[in-house]
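Colleague: Okay, here's the structure, questions in a sec.
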Amino acid sequence: MDRIKLLCDISELNHLFRESVSIESFLHETVRMVTHHLKTEVCSIYLYDEDDSLLVMKATEGLNPDSVDQVKMKYGEGLTGLALKEMRPICVSRASKHPNYKLFVGTDEEQYDNFLAVPITRGPARIGVLTLQRKKKKKFEEEDVMACRAVASQLANIIENAKFLMSMHQAHAPVEPVEQTRSIPTGLEFVRGKTAAEGFALGPAHVVDKEKTFDALYESRYDQAYTLEQFDQAVKATEIQLEDLQGQVEEKLTDAASLIFASHLLILKDKEFVGTMRRLIEEGENPPVAALKMARQYIDLFRRSANVYVREKVQDVEDLIVRLIGNLVQEYEKLGDFKGRVVIARDLFPSDLLRMSSENVAGAVLVAGGVTSHIAILARSLQIPMVIANNYDLLHIPDDTQILLDADTGNVYVDPSNEVIASFQKRNTDRLSIKDQIAGMKSQTRTADGTRIRLLANINLLSDLSIAEQLKCEGVGLYRTEFPFIIRNDFPSEQEQYFTYRRLVLGMKNKPITFRTLDIGGDKVLSYYNNAHEQNPGMGMRSIRFSLQNRRIFTQQLRAMLRAGINADMRIMFPMIASTDDFRQARKALTEAMASLDQEGIPYFPSPKVGIMVELPSVVHMIHELAAEADFFSIGTNDFIQFLLGVDRTNETVAGFYIPHHPAVLRAIKLVIDAAQKRDKEVSVCGDMAHQSEYIPLLLGLGIRTLSLDPSYLPRVQKLMEQLEIQQTRRLAEQALAADTTEQVASLLGIRQTGS
């Protein structure tokens with residue numbers, strides 16, 4: 001198993017990738033690495049050309065090197081094509097006797113009759129095939145198959161980027177850029193928003209509008225003449241910066257350490273891309289103009305593509321060129337630097353936030369979205385103060401304008417006075433340090449009258465684990481397994497998931513851990529998955545529906561959880577269950593995952609408790625039937641409220657209708673609690689209501705005794721609990737359940753109604 005672990009270690013492939021001068025050299029070094037580690041005579045990599053439905057050999061070790069780019073086969077042809085078509089490994093000991101065998105004369109492969117082909121895939125997308133061949137005496141074992149699967153998984157993201165780059169070399173048709181003009185508003189001094197991630201930030205503004213930044217560079221005049229040597233130095237400096245940033249990401253967030261800068265580095269290493277710039281410079285073009293011309297050609301081509309994945313590469317090219325020009329032309333040196341800055345953006349991908357975190361961004365303001373969105377949750381894990389402010393004028397603030405971000409209250413101060421800055425800095429200094437909060441935490445939480453309450457942690461990334469442990473949480477009530485998916489550039493393999501989940505299990509030291517299966521869709525979009533356009537994605541192909549529709553991805557995740565859960569108090573929870581049918585199908589998938597592990601002789605945790613995330617109104621009406629089958633319930637109040645009231649929680653224009661204390665919400669929660677208690681099944685709350693002080697007494701009065709919340713909220717919630725008495729909370733809940741209007745409930749809870 002040592003060789004499998006070695007090949008699963010992304011650092012080795014990272015090293016190969018960084019040391020390679022081109023994608024071709026990287027592929028060649030990869031096949032050399034695999035032949036060495038797996039003691040095989042032959043290793044080859046084939047890439048799949050979807051347009052022509054052809055597999056093309058792109059690298060080989062052991063076969064005739066002239067076969068590269070010459071050996072081609074149709075989709076499904078030969079054993080290699082069969083592996084790609086059926087999306088499974090093909091391992092045979094007498095390849096020449098197999099009905100699908102196809103001999104390519106001139107490759108020198110006749111002497112190798114032991115054959116192994118493993119498809120290289122990214123989720124449902126077919127990328128290529130990794131093949132191994134040996135002579136007759138030495139067969140391939142299951143360990144070889146597992147090792148190749150691990151390598152194929154790690155290669156998928158890099159090769160997908162390489163495929164797109166190679167395809168772009170085929171045609172270049174420059175298009176006239178569209179000029180854009182923007183006005184800068186005046187008198188913008190104070191904006192009231194909503195807290196997404198608490199904290200305080202003070203720094204110069206950095207408006208993230210890469211298209212605007214790139215166009216500004218493109219339209220600028222470059223009076224200074226730069227040399228080819230200076231251009232090469234800028235390319236090298238850019239490469240070093242990107243590699244350093246990638247290293248910081250890997251060190252900070254090991255569960256998210258996919259190569260998020262792979263696209264940038266690949267483009268930078270691409271002979272056609274940088275080579276054309278160099279040729280233009282040699283012909284007399286000023287280096288910044290040459291770089292921008294070449295980038296514009298790619299960008300305009302990408303924008304016209306029907307492929308969503310290719311269109312998204314526009315952002316990568318713009319990011320890269322802004323950074324490259326910043327290293328070449330000193331007046332633009334700050335264009336790509338987020339350090340100490342307050343970012344203002346219309347929207348951000350999780351990978352954007354991750355990059356900003358790696359560069360020590362001070363804070364962020366989003367001018368759209370909701371405080372319960374996945375980007376806000378991620379900001380909390382990364383400890384980036386964030387405010388959601390529905391004011392698009394903020395996008396026109398000049399860069400370097402001083403911004404004070406009071407993310408505790410949700411206020412944004414533009415160009416604040418010295419007095420305002422001084423008062424906030426004092427308040428920030430007076431905050432309780434994390435050490436003070438840790439010192440005040442007790443290992444168990446009780447109300448004023450001694451009622452035992454369990455406080456569990458919501459874990460988004462492994463970086464949350466340390467603070468959760470220090471704050472003495474009693475376990476993990478919700479591990480959002482989608483975050484390592486969301487902030488990556490590709491689907492993590494079973495082995496990568498296993499390593500992440502196992503670290504969580506070991507970190508919790510026998511405390512209970514609830515794994516929620518993949519919950520994507522709605523506001524949690526995978527940028528690398530080509531989702532069909534949906535009119536209403538919040539109610540579309542998401543959560544358990546996505547998992548059941550993509551069984552291969554679902555099975556890999558379940559297997560990884562089961563393997564990681566050995567000797568743990570592990571529970572598995574399915575999101576967005578709508579019926580007993582959904583639950584039974586999901587549970588059947590879990591049983592099948594166990595059976596496959598049994599068949600392969602892989603140890604796993606055999607008896608996890610299996611529960612349901614209560615989010616859909618239909619569950620309320622089926623709650624007694626589900627209580628008979630499920631082991632536990634967790635009420636995800638964010639989605640539960642949104643679906644029950646028909647309010648998009650990420651849409652600021654209808655924010656006034658998102659009312660957690662709506663009588664219908666409270667009565668529905670009570671029905672779930674009563675049904676669970678009748679069957680002696682645990683029920684908890686894991687949405688934002690679990691940390692909101694105005695709702696916690698109400699939840700206790702309704703019967704909740706377990707709350708799961710982001711670790712940073714644990715100290716204040718425990719302190720609040722110690723001031724409450726259960727009898728008082730019960731009377732409060734009874735009055736709230738009897739109320740006819742939200743106004744009446746708000747009055748009981750001391751909430752000031754803002755109106756709808």
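Here's how to read the names in the structure tokens: chain A, B, ... by the order shown, residue numbers from 1 in each chain, ligand numbers from 1 in the order shown.
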Considering only C-alpha atoms, return as a list in words whatever protein or nucleic-acid residues lie within 8 Å of segment 64-71 of chain A, sequence-local ones (same chain, fewer than 4 positions apart) excluded.
Modeller: Val56, Met57, Lys58, Ala59, Thr60, Phe104, Gly106, Thr107 and Asp108 of chain A
Colleague: Go ahead and save the picked residues with N, CA and C atoms, as an mmCIF file, in the first residue's frame.
Modeller:
data_model
loop_
_atom_site.group_PDB
_atom_site.id
_atom_site.type_symbol
_atom_site.label_atom_id
_atom_site.label_comp_id
_atom_site.auth_asym_id
_atom_site.auth_seq_id
_atom_site.Cartn_x
_atom_site.Cartn_y
_atom_site.Cartn_z
ATOM 1 N N VAL A 56 -6.182 9.975 -28.615
ATOM 2 C CA VAL A 56 -4.877 10.211 -29.235
ATOM 3 C C VAL A 56 -3.783 10.021 -28.190
ATOM 4 N N MET A 57 -2.766 9.185 -28.520
ATOM 5 C CA MET A 57 -1.644 9.017 -27.601
ATOM 6 C C MET A 57 -0.851 10.319 -27.513
ATOM 7 N N LYS A 58 -0.639 10.810 -26.283
ATOM 8 C CA LYS A 58 0.080 12.056 -26.088
ATOM 9 C C LYS A 58 1.403 11.886 -25.346
ATOM 10 N N ALA A 59 1.626 10.721 -24.734
ATOM 11 C CA ALA A 59 2.895 10.465 -24.044
ATOM 12 C C ALA A 59 3.040 8.964 -23.855
ATOM 13 N N THR A 60 4.265 8.473 -23.924
ATOM 14 C CA THR A 60 4.499 7.042 -23.669
ATOM 15 C C THR A 60 5.912 6.826 -23.145
ATOM 16 N N PHE A 104 -1.485 -1.917 -32.805
ATOM 17 C CA PHE A 104 -0.993 -0.823 -33.624
ATOM 18 C C PHE A 104 0.435 -1.154 -34.058
ATOM 19 N N GLY A 106 4.055 -0.954 -35.338
ATOM 20 C CA GLY A 106 5.063 0.093 -35.251
ATOM 21 C C GLY A 106 5.233 0.658 -33.860
ATOM 22 N N THR A 107 4.329 0.284 -32.935
ATOM 23 C CA THR A 107 4.451 0.786 -31.560
ATOM 24 C C THR A 107 5.369 -0.089 -30.708
ATOM 25 N N ASP A 108 5.634 -1.309 -31.186
ATOM 26 C CA ASP A 108 6.447 -2.294 -30.452
ATOM 27 C C ASP A 108 5.716 -2.846 -29.231
#
Colleague: Applying 12 Å and only C-alpha atoms, which residues near Leu353 of chain A remain after dropping the ones on its own chain fewer than 2 positions away? List them as a ChimeraX atom specification.
Modeller: /A:208,249,260,338,343-345,347-351,355-366,374-386,486-488
Colleague: Could you take the residues named above and write them with C-alpha atoms, as a PDB file, in the first residue's frame?
Modeller:
ATOM      1  CA  VAL A 208     -12.800  43.046  -8.568  1.00  0.00           C
ATOM      2  CA  VAL A 249      -3.199  27.242  -0.354  1.00  0.00           C
ATOM      3  CA  ILE A 260      -6.372  26.051  -8.270  1.00  0.00           C
ATOM      4  CA  PHE A 338      -5.076  41.542  -2.534  1.00  0.00           C
ATOM      5  CA  VAL A 343     -12.293  43.578  -2.023  1.00  0.00           C
ATOM      6  CA  ILE A 344     -15.564  44.832  -3.501  1.00  0.00           C
ATOM      7  CA  ALA A 345     -17.243  42.526  -6.007  1.00  0.00           C
ATOM      8  CA  ASP A 347     -19.956  38.063  -6.966  1.00  0.00           C
ATOM      9  CA  LEU A 348     -17.100  35.713  -6.217  1.00  0.00           C
ATOM     10  CA  PHE A 349     -16.392  32.077  -6.895  1.00  0.00           C
ATOM     11  CA  PRO A 350     -15.220  30.074  -3.877  1.00  0.00           C
ATOM     12  CA  SER A 351     -11.866  29.668  -5.659  1.00  0.00           C
ATOM     13  CA  ARG A 355      -6.992  32.943  -3.665  1.00  0.00           C
ATOM     14  CA  MET A 356      -7.703  36.132  -1.749  1.00  0.00           C
ATOM     15  CA  SER A 357      -7.261  34.301   1.527  1.00  0.00           C
ATOM     16  CA  SER A 358      -3.879  32.999   0.362  1.00  0.00           C
ATOM     17  CA  GLU A 359      -2.857  36.623  -0.309  1.00  0.00           C
ATOM     18  CA  ASN A 360      -4.127  37.801   3.124  1.00  0.00           C
ATOM     19  CA  VAL A 361      -7.044  39.924   1.972  1.00  0.00           C
ATOM     20  CA  ALA A 362      -8.384  42.204   4.727  1.00  0.00           C
ATOM     21  CA  GLY A 363     -12.106  41.838   4.016  1.00  0.00           C
ATOM     22  CA  ALA A 364     -14.753  41.632   1.316  1.00  0.00           C
ATOM     23  CA  VAL A 365     -17.972  43.352   0.296  1.00  0.00           C
ATOM     24  CA  LEU A 366     -20.408  41.614  -2.052  1.00  0.00           C
ATOM     25  CA  HIS A 374     -22.150  29.221   0.501  1.00  0.00           C
ATOM     26  CA  ILE A 375     -19.683  32.039  -0.166  1.00  0.00           C
ATOM     27  CA  ALA A 376     -20.619  33.628   3.172  1.00  0.00           C
ATOM     28  CA  ILE A 377     -20.200  30.302   4.977  1.00  0.00           C
ATOM     29  CA  LEU A 378     -16.797  29.846   3.357  1.00  0.00           C
ATOM     30  CA  ALA A 379     -15.750  33.373   4.402  1.00  0.00           C
ATOM     31  CA  ARG A 380     -16.439  32.401   8.022  1.00  0.00           C
ATOM     32  CA  SER A 381     -14.205  29.355   7.701  1.00  0.00           C
ATOM     33  CA  LEU A 382     -11.449  31.429   6.115  1.00  0.00           C
ATOM     34  CA  GLN A 383     -12.000  34.159   8.746  1.00  0.00           C
ATOM     35  CA  ILE A 384     -12.440  36.860   6.128  1.00  0.00           C
ATOM     36  CA  PRO A 385     -14.777  39.660   7.359  1.00  0.00           C
ATOM     37  CA  MET A 386     -17.583  39.956   4.800  1.00  0.00           C
ATOM     38  CA  ILE A 486     -16.878  23.592  -4.492  1.00  0.00           C
ATOM     39  CA  ILE A 487     -13.485  25.227  -4.051  1.00  0.00           C
ATOM     40  CA  ARG A 488     -11.602  22.758  -6.214  1.00  0.00           C
TER      41      ARG A 488
END
Colleague: In Å to one decimal, how far is atom CA of His691 of chain A from atom CA of Ala439 of chain A?
Modeller: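 So the two atoms, atom CA of Ala439 of chain A and atom CA of His691 of chain A, lie 20.1 Å apart.
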